[in-house]
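**Q** The file below is structure13.tsv, TSV, C-alpha atoms:
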chain	number	residue	atom	x	y	z
V	310	MET	CA	148.91	39.86	116.96
V	311	ASN	CA	150.36	43.35	117.16
V	312	PRO	CA	148.85	45.89	114.76
V	313	PRO	CA	151.14	47.19	112.01
V	314	ARG	CA	153.07	50.34	112.80
V	315	THR	CA	151.53	53.43	111.33
V	316	ASP	CA	154.10	56.06	112.26
V	317	ALA	CA	155.22	58.23	109.38
V	318	ARG	CA	158.66	57.57	107.96
V	319	ARG	CA	160.58	58.79	104.94
V	320	HIS	CA	160.31	56.53	101.90
V	321	HIS	CA	162.52	58.43	99.49
V	322	ASP	CA	165.88	60.16	99.26
V	323	PRO	CA	165.16	63.92	99.41
V	324	ASP	CA	168.44	64.67	97.66
V	325	VAL	CA	167.40	62.87	94.46
V	326	ARG	CA	165.82	65.05	91.78
V	327	GLY	CA	165.14	64.27	88.14
V	328	PHE	CA	163.96	66.07	85.04
V	329	ALA	CA	160.66	64.31	84.37
V	330	SER	CA	158.19	66.94	85.58
V	331	ASP	CA	157.87	70.00	87.78
V	332	ASN	CA	155.04	68.02	89.39
V	333	TYR	CA	157.69	65.74	90.91
V	334	ALA	CA	158.93	68.54	93.18
V	335	GLY	CA	157.66	68.86	96.72
V	336	ALA	CA	156.01	71.92	98.20
V	337	HIS	CA	158.04	75.06	98.81
V	338	PRO	CA	158.86	75.58	102.51
V	339	GLU	CA	157.03	78.93	102.51
V	340	VAL	CA	153.90	77.18	101.25
V	341	LEU	CA	154.17	74.54	103.94
V	342	ALA	CA	154.55	77.29	106.53
V	343	ALA	CA	151.40	78.94	105.20
V	344	LEU	CA	149.50	75.67	105.53
V	345	ALA	CA	150.59	75.37	109.14
V	346	LEU	CA	149.49	78.98	109.72
V	347	ALA	CA	146.01	78.23	108.38
V	348	ASN	CA	145.66	75.08	110.47
V	349	GLY	CA	144.03	74.96	113.88
V	350	GLY	CA	140.64	76.10	114.99
V	351	HIS	CA	137.55	76.23	112.81
V	352	GLN	CA	136.93	78.15	109.61
V	353	VAL	CA	133.74	78.15	107.54
V	354	ALA	CA	133.78	75.42	104.88
V	355	TYR	CA	133.33	75.55	101.11
V	356	GLY	CA	135.13	78.84	100.52
V	357	GLU	CA	133.52	81.16	103.08
V	358	ASP	CA	136.74	81.26	105.10
V	359	ALA	CA	139.05	84.17	105.79
V	360	TYR	CA	141.88	82.77	103.66
V	361	THR	CA	139.76	82.41	100.53
V	362	GLU	CA	138.36	85.91	101.07
V	363	ASN	CA	141.86	87.35	101.32
V	364	PHE	CA	142.99	85.38	98.29
V	365	GLN	CA	140.36	87.21	96.25
V	366	GLN	CA	142.08	90.49	97.08
V	367	VAL	CA	145.45	89.05	96.09
V	368	VAL	CA	144.04	87.90	92.75
V	369	ARG	CA	142.58	91.34	92.07
V	370	SER	CA	145.96	92.92	92.73
V	371	HIS	CA	147.33	90.84	89.85
V	372	PHE	CA	144.36	90.68	87.46
V	373	GLY	CA	142.29	93.78	88.07
V	374	PRO	CA	139.32	94.81	90.25
V	375	THR	CA	136.72	92.66	88.49
V	376	ALA	CA	138.67	89.40	88.72
V	377	GLU	CA	137.18	86.58	90.76
V	378	ALA	CA	139.00	83.39	91.72
V	379	PHE	CA	137.48	79.95	92.22
V	380	PRO	CA	140.02	77.63	93.89
V	381	VAL	CA	139.95	74.01	92.69
V	382	PHE	CA	141.93	70.85	93.34
V	383	ASN	CA	143.92	70.40	90.12
V	384	GLY	CA	144.70	71.68	86.65
V	385	THR	CA	142.43	69.37	84.68
V	386	GLY	CA	139.57	70.32	86.96
V	387	ALA	CA	140.33	73.99	86.45
V	388	ASN	CA	140.33	73.62	82.68
V	389	VAL	CA	137.15	71.57	82.51
V	390	VAL	CA	135.24	73.90	84.83
V	391	ALA	CA	136.49	77.01	83.00
V	392	LEU	CA	135.62	75.71	79.55
V	393	GLN	CA	132.17	74.56	80.66
V	394	ALA	CA	131.49	78.07	81.93
V	395	VAL	CA	131.90	79.61	78.46
V	396	THR	CA	130.34	76.95	76.22
V	397	ASP	CA	126.85	75.74	75.45
V	398	ARG	CA	125.91	72.07	75.19
V	399	TRP	CA	126.59	72.31	71.45
V	400	GLY	CA	129.79	74.33	71.86
V	401	ALA	CA	133.35	73.59	70.82
V	402	VAL	CA	136.81	74.82	71.83
V	403	ILE	CA	139.59	75.57	69.36
V	404	CYS	CA	143.02	74.61	70.66
V	405	ALA	CA	146.46	73.55	69.50
V	406	GLU	CA	146.79	69.87	68.68
V	407	SER	CA	149.54	69.65	71.30
V	408	ALA	CA	147.44	71.36	74.00
V	409	HIS	CA	147.25	69.75	77.42
V	410	ILE	CA	143.45	69.73	77.25
V	411	ASN	CA	143.69	67.60	74.10
V	412	VAL	CA	146.66	65.33	74.82
V	413	ASP	CA	147.07	64.94	78.57
V	414	GLU	CA	143.69	65.17	80.28
V	415	GLY	CA	142.32	61.73	79.50
V	416	GLY	CA	139.52	63.15	77.36
V	417	ALA	CA	138.07	64.96	80.39
V	418	PRO	CA	137.03	68.14	78.52
V	419	GLU	CA	135.07	66.02	76.05
V	420	ARG	CA	133.86	63.19	78.27
V	421	VAL	CA	133.27	65.05	81.54
V	422	GLY	CA	132.74	68.56	80.23
V	423	GLY	CA	130.86	67.48	77.09
V	424	ILE	CA	132.91	69.90	74.99
V	425	LYS	CA	134.11	69.14	71.47
V	426	LEU	CA	137.76	70.06	70.91
V	427	LEU	CA	138.65	71.40	67.48
V	428	THR	CA	142.41	70.99	67.18
V	429	VAL	CA	144.93	72.75	64.96
V	430	PRO	CA	148.48	71.50	64.23
V	431	THR	CA	151.09	74.08	65.22
V	432	PRO	CA	154.87	74.06	64.72
V	433	ASP	CA	155.63	75.51	68.16
V	434	GLY	CA	152.51	74.89	70.24
V	435	LYS	CA	151.21	78.43	69.64
V	436	LEU	CA	148.00	79.44	67.91
V	437	THR	CA	147.71	82.49	65.66
V	438	PRO	CA	144.61	84.17	64.19
V	439	GLU	CA	145.39	82.45	60.88
V	440	LEU	CA	145.64	79.03	62.52
V	441	ILE	CA	142.45	79.65	64.49
V	442	ASP	CA	140.63	80.30	61.21
V	443	ARG	CA	141.23	76.70	60.19
V	444	GLN	CA	138.51	75.75	62.69
V	445	ALA	CA	136.64	79.04	63.18
V	446	TYR	CA	133.68	78.52	60.87
V	447	GLY	CA	130.28	76.87	60.65
V	448	TRP	CA	128.48	78.72	63.44
V	449	ASP	CA	125.12	78.28	61.70
V	450	ASP	CA	125.78	74.67	60.63
V	451	GLU	CA	123.77	72.38	62.89
V	452	HIS	CA	125.89	69.44	61.70
V	453	ARG	CA	129.03	70.90	63.28
V	454	ALA	CA	129.91	71.69	66.88
V	455	MET	CA	129.87	75.47	67.26
V	456	PRO	CA	133.24	77.15	67.92
V	457	GLN	CA	132.71	79.26	71.03
V	458	VAL	CA	136.11	79.41	72.74
V	459	VAL	CA	139.78	79.65	71.83
V	460	SER	CA	141.99	78.02	74.48
V	461	ILE	CA	145.72	78.70	74.56
V	462	ALA	CA	148.37	77.54	77.02
V	463	GLN	CA	150.84	80.00	78.54
V	464	ALA	CA	153.51	78.62	78.57
V	465	THR	CA	152.63	76.04	75.90
V	466	GLU	CA	153.10	72.30	76.11
V	467	LEU	CA	156.23	72.73	73.98
V	468	GLY	CA	157.76	75.23	76.37
V	469	THR	CA	157.17	78.28	74.19
V	470	VAL	CA	155.71	81.56	75.41
V	471	TYR	CA	153.21	83.96	73.81
V	472	THR	CA	154.04	87.67	73.87
V	473	PRO	CA	151.33	90.07	75.10
V	474	ASP	CA	150.86	91.30	71.54
V	475	GLU	CA	150.34	87.75	70.27
V	476	ILE	CA	147.65	87.11	72.87
V	477	ARG	CA	146.04	90.48	72.16
V	478	ALA	CA	145.80	89.55	68.47
V	479	ILE	CA	144.19	86.22	69.37
V	480	CYS	CA	141.70	87.89	71.71
V	481	GLU	CA	140.71	90.54	69.18
V	482	HIS	CA	140.30	87.90	66.48
V	483	ALA	CA	138.29	85.54	68.69
V	484	HIS	CA	136.06	88.30	70.05
V	485	ALA	CA	135.35	89.54	66.54
V	486	HIS	CA	133.87	86.09	65.87
V	487	GLY	CA	131.91	86.10	69.13
V	488	MET	CA	134.27	83.63	70.84
V	489	LYS	CA	135.79	83.77	74.32
V	490	VAL	CA	139.48	83.25	75.12
V	491	HIS	CA	140.67	80.89	77.85
V	492	VAL	CA	144.27	80.56	79.00
V	493	ASP	CA	145.55	77.31	80.47
V	494	GLY	CA	148.00	78.86	82.90
V	495	SER	CA	149.45	75.85	84.69
V	496	ARG	CA	152.85	77.50	84.05
V	497	LEU	CA	151.62	81.09	83.88
V	498	ALA	CA	154.31	82.15	86.35
V	499	ASN	CA	157.07	80.78	84.11
V	500	ALA	CA	155.71	82.79	81.20
V	501	ALA	CA	155.63	85.99	83.25
V	502	ALA	CA	159.19	85.38	84.42
V	503	THR	CA	160.35	84.95	80.82
V	504	LEU	CA	158.50	88.02	79.58
V	505	ASN	CA	159.48	90.04	82.68
V	506	VAL	CA	156.02	91.61	82.83
V	507	PRO	CA	153.16	91.47	85.38
V	508	LEU	CA	150.59	88.71	85.03
V	509	ARG	CA	147.97	91.25	83.93
V	510	ALA	CA	150.08	92.30	80.95
V	511	PHE	CA	149.18	89.19	78.97
V	512	THR	CA	145.80	88.34	80.52
V	513	ASN	CA	143.14	90.91	81.41
V	514	ALA	CA	145.07	93.79	79.82
V	515	VAL	CA	144.93	92.14	76.39
V	516	GLY	CA	141.39	90.76	76.50
V	517	VAL	CA	141.56	87.25	78.03
V	518	ASP	CA	138.16	86.25	79.44
V	519	LEU	CA	139.18	83.62	81.97
V	520	LEU	CA	142.17	81.48	82.89
V	521	SER	CA	143.29	78.47	84.81
V	522	LEU	CA	145.86	79.64	87.36
V	523	GLY	CA	148.50	77.07	88.22
V	524	GLY	CA	149.91	76.48	91.69
V	525	THR	CA	151.13	72.90	91.85
V	526	LYS	CA	153.94	73.28	89.31
V	527	ASN	CA	155.05	76.49	91.01
V	528	GLY	CA	155.60	75.17	94.54
V	529	ALA	CA	152.14	74.38	95.93
V	530	LEU	CA	151.31	71.04	97.53
V	531	PHE	CA	148.09	70.96	95.51
V	532	GLY	CA	145.58	73.46	94.21
V	533	GLU	CA	144.84	75.70	91.25
V	534	ALA	CA	142.15	78.28	90.57
V	535	VAL	CA	139.84	79.38	87.79
V	536	VAL	CA	140.17	83.15	87.52
V	537	VAL	CA	137.25	84.87	85.82
V	538	LEU	CA	138.34	88.14	84.22
V	539	ASP	CA	135.09	88.98	82.42
V	540	PRO	CA	132.31	88.36	84.96
V	541	ASP	CA	129.61	89.36	82.48
V	542	GLY	CA	130.61	86.67	80.00
V	543	VAL	CA	131.18	83.70	82.32
V	544	ARG	CA	128.25	81.82	83.76
V	545	HIS	CA	127.46	79.80	86.88
V	546	MET	CA	131.04	79.11	87.96
V	547	LYS	CA	130.21	78.12	91.52
V	548	HIS	CA	127.61	75.61	90.35
V	549	LEU	CA	129.93	74.15	87.72
V	550	ARG	CA	132.75	73.81	90.23
V	551	LYS	CA	130.55	71.77	92.56
V	552	LEU	CA	129.06	69.73	89.70
V	553	SER	CA	132.58	68.90	88.51
V	554	MET	CA	133.66	67.68	91.98
V	555	GLN	CA	136.17	70.53	92.36
V	556	LEU	CA	134.66	72.26	95.40
V	557	ALA	CA	136.96	71.76	98.39
V	558	SER	CA	135.21	71.63	101.74
V	559	LYS	CA	138.35	72.79	103.59
V	560	MET	CA	139.09	75.38	100.92
V	561	ARG	CA	141.30	77.44	103.22
V	562	PHE	CA	144.09	74.92	102.60
V	563	VAL	CA	143.93	75.51	98.84
V	564	SER	CA	143.55	79.27	99.10
V	565	VAL	CA	146.34	79.81	101.62
V	566	GLN	CA	148.84	78.06	99.34
V	567	LEU	CA	147.95	80.24	96.38
V	568	GLU	CA	148.01	83.28	98.65
V	569	ALA	CA	151.51	82.32	99.84
V	570	LEU	CA	152.68	82.14	96.24
V	571	LEU	CA	150.99	85.29	94.92
V	572	ALA	CA	150.75	87.72	97.82
V	573	ARG	CA	154.41	88.63	97.51
V	574	ASP	CA	156.99	87.40	95.01
V	575	LEU	CA	157.34	83.69	95.77
V	576	TRP	CA	155.56	82.76	92.53
V	577	LEU	CA	158.05	84.83	90.55
V	578	ARG	CA	161.12	83.65	92.45
V	579	ASN	CA	160.17	80.03	91.92
V	580	ALA	CA	159.43	80.52	88.23
V	581	ARG	CA	162.58	82.51	87.54
V	582	HIS	CA	164.71	79.87	89.17
V	583	ALA	CA	163.09	77.03	87.22
V	584	ASN	CA	163.54	78.98	83.98
V	585	GLU	CA	167.16	79.76	84.77
V	586	MET	CA	167.87	76.08	85.40
V	587	ALA	CA	166.29	75.21	82.04
V	588	GLN	CA	168.53	77.77	80.34
V	589	ARG	CA	171.56	76.30	82.09
V	590	LEU	CA	170.50	72.84	80.97
V	591	ALA	CA	169.99	73.99	77.39
V	592	GLU	CA	173.41	75.64	77.29
V	593	GLY	CA	175.03	72.44	78.52
V	594	VAL	CA	173.12	70.27	76.06
V	595	ARG	CA	174.00	72.47	73.09
V	596	ALA	CA	177.65	71.61	73.68
V	597	VAL	CA	176.97	67.87	73.33
V	598	HIS	CA	177.53	66.69	69.77
V	599	GLY	CA	174.64	64.63	68.41
V	600	VAL	CA	171.93	66.17	70.62
V	601	GLU	CA	169.44	68.56	69.02
V	602	ILE	CA	167.27	71.04	70.93
V	603	LEU	CA	163.88	71.07	69.21
V	604	HIS	CA	162.13	74.24	70.40
V	605	PRO	CA	163.14	77.61	71.81
V	606	VAL	CA	163.74	77.27	75.55
V	607	GLN	CA	161.47	80.02	76.86
V	608	ALA	CA	160.15	78.60	80.13
V	609	ASN	CA	161.27	75.65	82.26
V	610	ALA	CA	161.25	72.89	79.62
V	611	VAL	CA	163.92	71.60	77.26
V	612	PHE	CA	162.84	69.40	74.35
V	613	ALA	CA	165.63	67.46	72.66
V	614	ARG	CA	166.28	64.70	70.14
V	615	LEU	CA	169.00	62.13	70.70
V	616	PRO	CA	169.59	58.42	70.03
V	617	HIS	CA	166.90	56.28	71.62
V	618	GLU	CA	169.36	53.93	73.31
V	619	VAL	CA	171.18	56.86	74.91
V	620	SER	CA	167.91	58.08	76.43
V	621	GLU	CA	167.14	54.59	77.74
V	622	ARG	CA	170.52	54.35	79.45
V	623	LEU	CA	170.20	57.87	80.82
V	624	GLN	CA	166.75	57.10	82.20
V	625	LYS	CA	168.33	54.50	84.49
V	626	ARG	CA	170.19	57.35	86.16
V	627	PHE	CA	167.61	60.18	85.95
V	628	ARG	CA	163.86	60.24	85.57
V	629	PHE	CA	162.51	61.92	82.41
V	630	TYR	CA	159.98	61.10	79.71
V	631	PHE	CA	160.01	60.45	76.00
V	632	TRP	CA	157.91	63.02	74.15
V	633	ASP	CA	157.93	61.15	70.84
V	634	GLU	CA	159.61	57.80	71.37
V	635	THR	CA	159.61	56.91	67.67
V	636	ALA	CA	161.55	60.05	66.78
V	637	GLY	CA	163.74	59.90	69.87
V	638	ASP	CA	162.34	63.15	71.27
V	639	VAL	CA	162.49	63.71	75.02
V	640	ARG	CA	161.36	66.38	77.46
V	641	TRP	CA	163.47	67.60	80.38
V	642	MET	CA	161.70	69.75	82.98
V	643	CYS	CA	163.21	71.95	85.67
V	644	ALA	CA	161.45	72.95	88.89
V	645	PHE	CA	161.76	75.54	91.65
V	646	ASP	CA	164.04	73.17	93.58
V	647	THR	CA	166.32	72.10	90.69
V	648	THR	CA	169.91	73.00	91.56
V	649	GLU	CA	172.87	73.97	89.41
V	650	ASP	CA	174.57	70.78	90.56
V	651	ASP	CA	171.55	68.75	89.40
V	652	VAL	CA	171.85	70.27	85.95
V	653	ASP	CA	175.63	69.94	85.69
V	654	THR	CA	175.53	66.32	86.86
V	655	PHE	CA	172.87	65.51	84.29
V	656	VAL	CA	174.79	67.18	81.45
V	657	ALA	CA	177.94	65.27	82.45
V	658	ALA	CA	175.99	62.00	82.39
V	659	LEU	CA	174.54	62.88	79.00
V	660	LYS	CA	178.04	63.46	77.64
V	661	GLU	CA	179.19	60.13	79.03
V	662	GLU	CA	176.31	58.24	77.45
V	663	MET	CA	176.72	59.99	74.09
V	664	ALA	CA	180.45	59.16	74.13
V	665	ARG	CA	179.52	55.48	74.39
V	666	GLN	CA	177.72	55.62	71.04
Kindly present the structure from the file in structure tokens form.
**A**
Amino acid sequence: MNPPRTDARRHHDPDVRGFASDNYAGAHPEVLAALALANGGHQVAYGEDAYTENFQQVVRSHFGPTAEAFPVFNGTGANVVALQAVTDRWGAVICAESAHINVDEGGAPERVGGIKLLTVPTPDGKLTPELIDRQAYGWDDEHRAMPQVVSIAQATELGTVYTPDEIRAICEHAHAHGMKVHVDGSRLANAAATLNVPLRAFTNAVGVDLLSLGGTKNGALFGEAVVVLDPDGVRHMKHLRKLSMQLASKMRFVSVQLEALLARDLWLRNARHANEMAQRLAEGVRAVHGVEILHPVQANAVFARLPHEVSERLQKRFRFYFWDETAGDVRWMCAFDTTEDDVDTFVAALKEEMARQ
């Protein structure tokens, strides 16, 4: 019997793109070129390679001279490792009810990290000092998990973006209560593109202690990083990364991707394009009678409400997800490789399906 063929072959149509997630996109060609550049020969394992060393310099150019990056495999890993580094065994994290760490990480912060999440309902995914105070109490109450960290997402799970002043107010408020501030930055680049400011303007410059730096949604094949901005207040990161199974042996292949994104302007080009496509999509959707846009379109996401049966028919032509199926709410995401034709074709299909109602 002949063995099965194992040669690689294409199993999908590369011209088909949907609006389900920016995770659906492939890797940017410049990232793939960087991976090829890093390949070949031997480099020291577990982060003592030349690419990880150079990535540290790139990170400091964006986040200041005391910043230190710890590359990891994925976003959930980055968040869990980061939050463990600034909490005690009895500690808790205040976050928005809609936060990714609460809704979309399978309970990993609580079950793997052992961290209690104290959630707050928000109208737009954004915390404020007043909303934080709904959970910021009881530090001396042994019957309650102790609030030690405020975690915000930039951009949020609802596609909204904090201004630098809003994050500064959160940091000042949290620090006044002895709490640290963590930023889930899986779409940090999209927020910077919207605000048109450097990454430091709404992170280390306003008091953020540490962040999860996204790469996958911005054109990387895989890989994120925990960036420690306050080295005096964050403990044992390298041990926690290993303990949490986020230490890559061939770390050069994570670091070189993030270096390719951040060393020049690829991160910003990719984010700006994704945001622009979301704006184009929103403009087209606003012209469709019977479709309501639910939140300000400030990054690369469009949240909308439309008849459930229209969404179901449209999903047979394009991939996207329900956000709240009962209410008929959906989420449409744009990526660095979304084209104007993709958007215009989708809007035309949406108009067709709405006309059938």
**Q** Take atom CA of Arg453 of chain V and atom CA of Leu426 of chain V and report the distance between them in Å, one decimal.
**A**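 The value is 11.6 Å.
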**Q** With distances taken over all atoms listed in the file, which residue among V:Thr469, V:Ser620, V:Gln588, V:Thr525 lies nearest Ser330 of chain V?
**A**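 Using all atoms listed in the file, Ser330 of chain V sits closest to V:Thr525.
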**Q** Skipping near chain neighbours, those fewer than 2 positions away, what residues fall within 10 Å of Phe511 of chain V using only C-alpha atoms, listed as an mmCIF file with C-alpha atoms, keeping the file's coordinate frame?
**A**
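Dumped everything to selection12.cif:
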data_model
loop_
_atom_site.group_PDB
_atom_site.id
_atom_site.type_symbol
_atom_site.label_atom_id
_atom_site.label_comp_id
_atom_site.auth_asym_id
_atom_site.auth_seq_id
_atom_site.Cartn_x
_atom_site.Cartn_y
_atom_site.Cartn_z
ATOM 1 C CA PHE V 372 144.360 90.680 87.460
ATOM 2 C CA GLN V 463 150.840 80.000 78.540
ATOM 3 C CA TYR V 471 153.210 83.960 73.810
ATOM 4 C CA THR V 472 154.040 87.670 73.870
ATOM 5 C CA PRO V 473 151.330 90.070 75.100
ATOM 6 C CA ASP V 474 150.860 91.300 71.540
ATOM 7 C CA GLU V 475 150.340 87.750 70.270
ATOM 8 C CA ILE V 476 147.650 87.110 72.870
ATOM 9 C CA ARG V 477 146.040 90.480 72.160
ATOM 10 C CA VAL V 492 144.270 80.560 79.000
ATOM 11 C CA LEU V 497 151.620 81.090 83.880
ATOM 12 C CA ALA V 500 155.710 82.790 81.200
ATOM 13 C CA ALA V 501 155.630 85.990 83.250
ATOM 14 C CA LEU V 504 158.500 88.020 79.580
ATOM 15 C CA VAL V 506 156.020 91.610 82.830
ATOM 16 C CA PRO V 507 153.160 91.470 85.380
ATOM 17 C CA LEU V 508 150.590 88.710 85.030
ATOM 18 C CA ARG V 509 147.970 91.250 83.930
ATOM 19 C CA ASN V 513 143.140 90.910 81.410
ATOM 20 C CA ALA V 514 145.070 93.790 79.820
ATOM 21 C CA VAL V 515 144.930 92.140 76.390
ATOM 22 C CA GLY V 516 141.390 90.760 76.500
ATOM 23 C CA VAL V 517 141.560 87.250 78.030
#
**Q** Dump as a VMD selection string all residues having an atom at most 7 Å from (156.6, 74.7, 96.2), computed in the file's coordinates with all atoms listed in the file.
**A** chain V and resid 335 to 338 340 527 to 530 645
**Q** Do you know which residues are at most 12 Å from Gly447 of chain V counting all atoms listed in the file, after dropping those on the same chain fewer than 4 positions away, and could you put them as number ranges by chain?
**A** V: 400-401, 442-443, 451-457, 486
**Q** Find the residue from V:Ala587, V:Leu538, V:Ala405, V:Val597 that sits nearest to Thr375 of chain V; use all atoms listed in the file when measuring.
**A**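 Ranking V:Ala587, V:Leu538, V:Ala405, V:Val597 by distance to Thr375 of chain V, first place goes to V:Leu538.
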**Q** Please determine, counting only C-alpha atoms, which residue among V:Ala572, V:Ile410, V:Val639, V:Val458 has the shortest atom-to-atom distance to Leu519 of chain V.
**A**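 The answer is V:Val458, which sits nearest to Leu519 of chain V.
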**Q** With a cut-off of 8 Å, could you pull out the residues of segment 580-617 of chain V touching segment 646-657 of chain V and give me the nearest pair of atoms for each, distance in Å to one decimal, using all atoms listed in the file, ordered by chain and ascending number, as a tab-separated table?
**A**
residue	atom	partner	partner_atom	distance
V:Ala583	CA	V:Thr647	CA	6.8
V:Met586	CA	V:Glu649	CA	6.7
V:Arg589	CA	V:Val652	CA	7.2
V:Leu590	CA	V:Val652	CA	5.8
V:Gly593	CA	V:Val656	CA	6.0
V:Val594	CA	V:Val656	CA	6.4
**Q** Calculated over all atoms listed in the file, which of the candidates V:Ala354, V:Cys404, V:Ile461, V:Leu440 has the smallest distance to Thr428 of chain V?
**A** V:Cys404
**Q** Env of Gly637 of chain V: 12 Å cut, atoms = all atoms listed in the file, seq-sep filter 5 positions within chain, self excluded. Answer as a list in words.
**A**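 Here the answer would be Gly599, Val600, Glu601, Ile602, Leu603, Phe612, Ala613, Arg614, Leu615, Pro616, His617, Glu618, Val619, Ser620, Glu621, Tyr630, Phe631 and Trp632 of chain V.
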**Q** So which one's closest to Lys435 of chain V, V:Gly356, V:Gly532, V:Gly327, V:Gly468? Using all atoms listed in the file, please.
**A**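 Among the listed residues, V:Gly468 lies closest to Lys435 of chain V.
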**Q** Identify which of the residues V:Leu436, V:Arg581, V:Glu406, V:Arg398 lies closest to Ile424 of chain V, counting only C-alpha atoms when measuring atom-to-atom distances.
**A** V:Arg398
**Q** For the atom pair atom CA of Ala569 of chain V and atom CA of Ala345 of chain V, what is the interatomic distance in Å to one decimal place?
**A**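 These atoms are spaced 11.6 Å apart.
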**Q** One decimal, Å: what's the distance from atom CA of Ala387 of chain V over to atom CA of Ala408 of chain V, could you say?
**A**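 Separating atom CA of Ala387 of chain V from atom CA of Ala408 of chain V is a distance of 14.6 Å.
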**Q** Could you give me, as a count of residues only, the residues that sit within 10 Å of (170.7, 56.9, 85.5) in the file's coordinates, counting only C-alpha atoms?
**A** 14
**Q** If you count all atoms listed in the file, which residues fall within 8 Å of Ala417 of chain V, apart from same-chain ones fewer than 5 positions away, as a ChimeraX atom specification?
**A** /V:385,389,410,422
**Q** Give me, as a ChimeraX atom specification, all polymer residues having an atom no more than 8 Å from Gly494 of chain V, counting all atoms listed in the file and skipping those fewer than 5 positions away in the same chain.
**A** /V:462-464,520-523
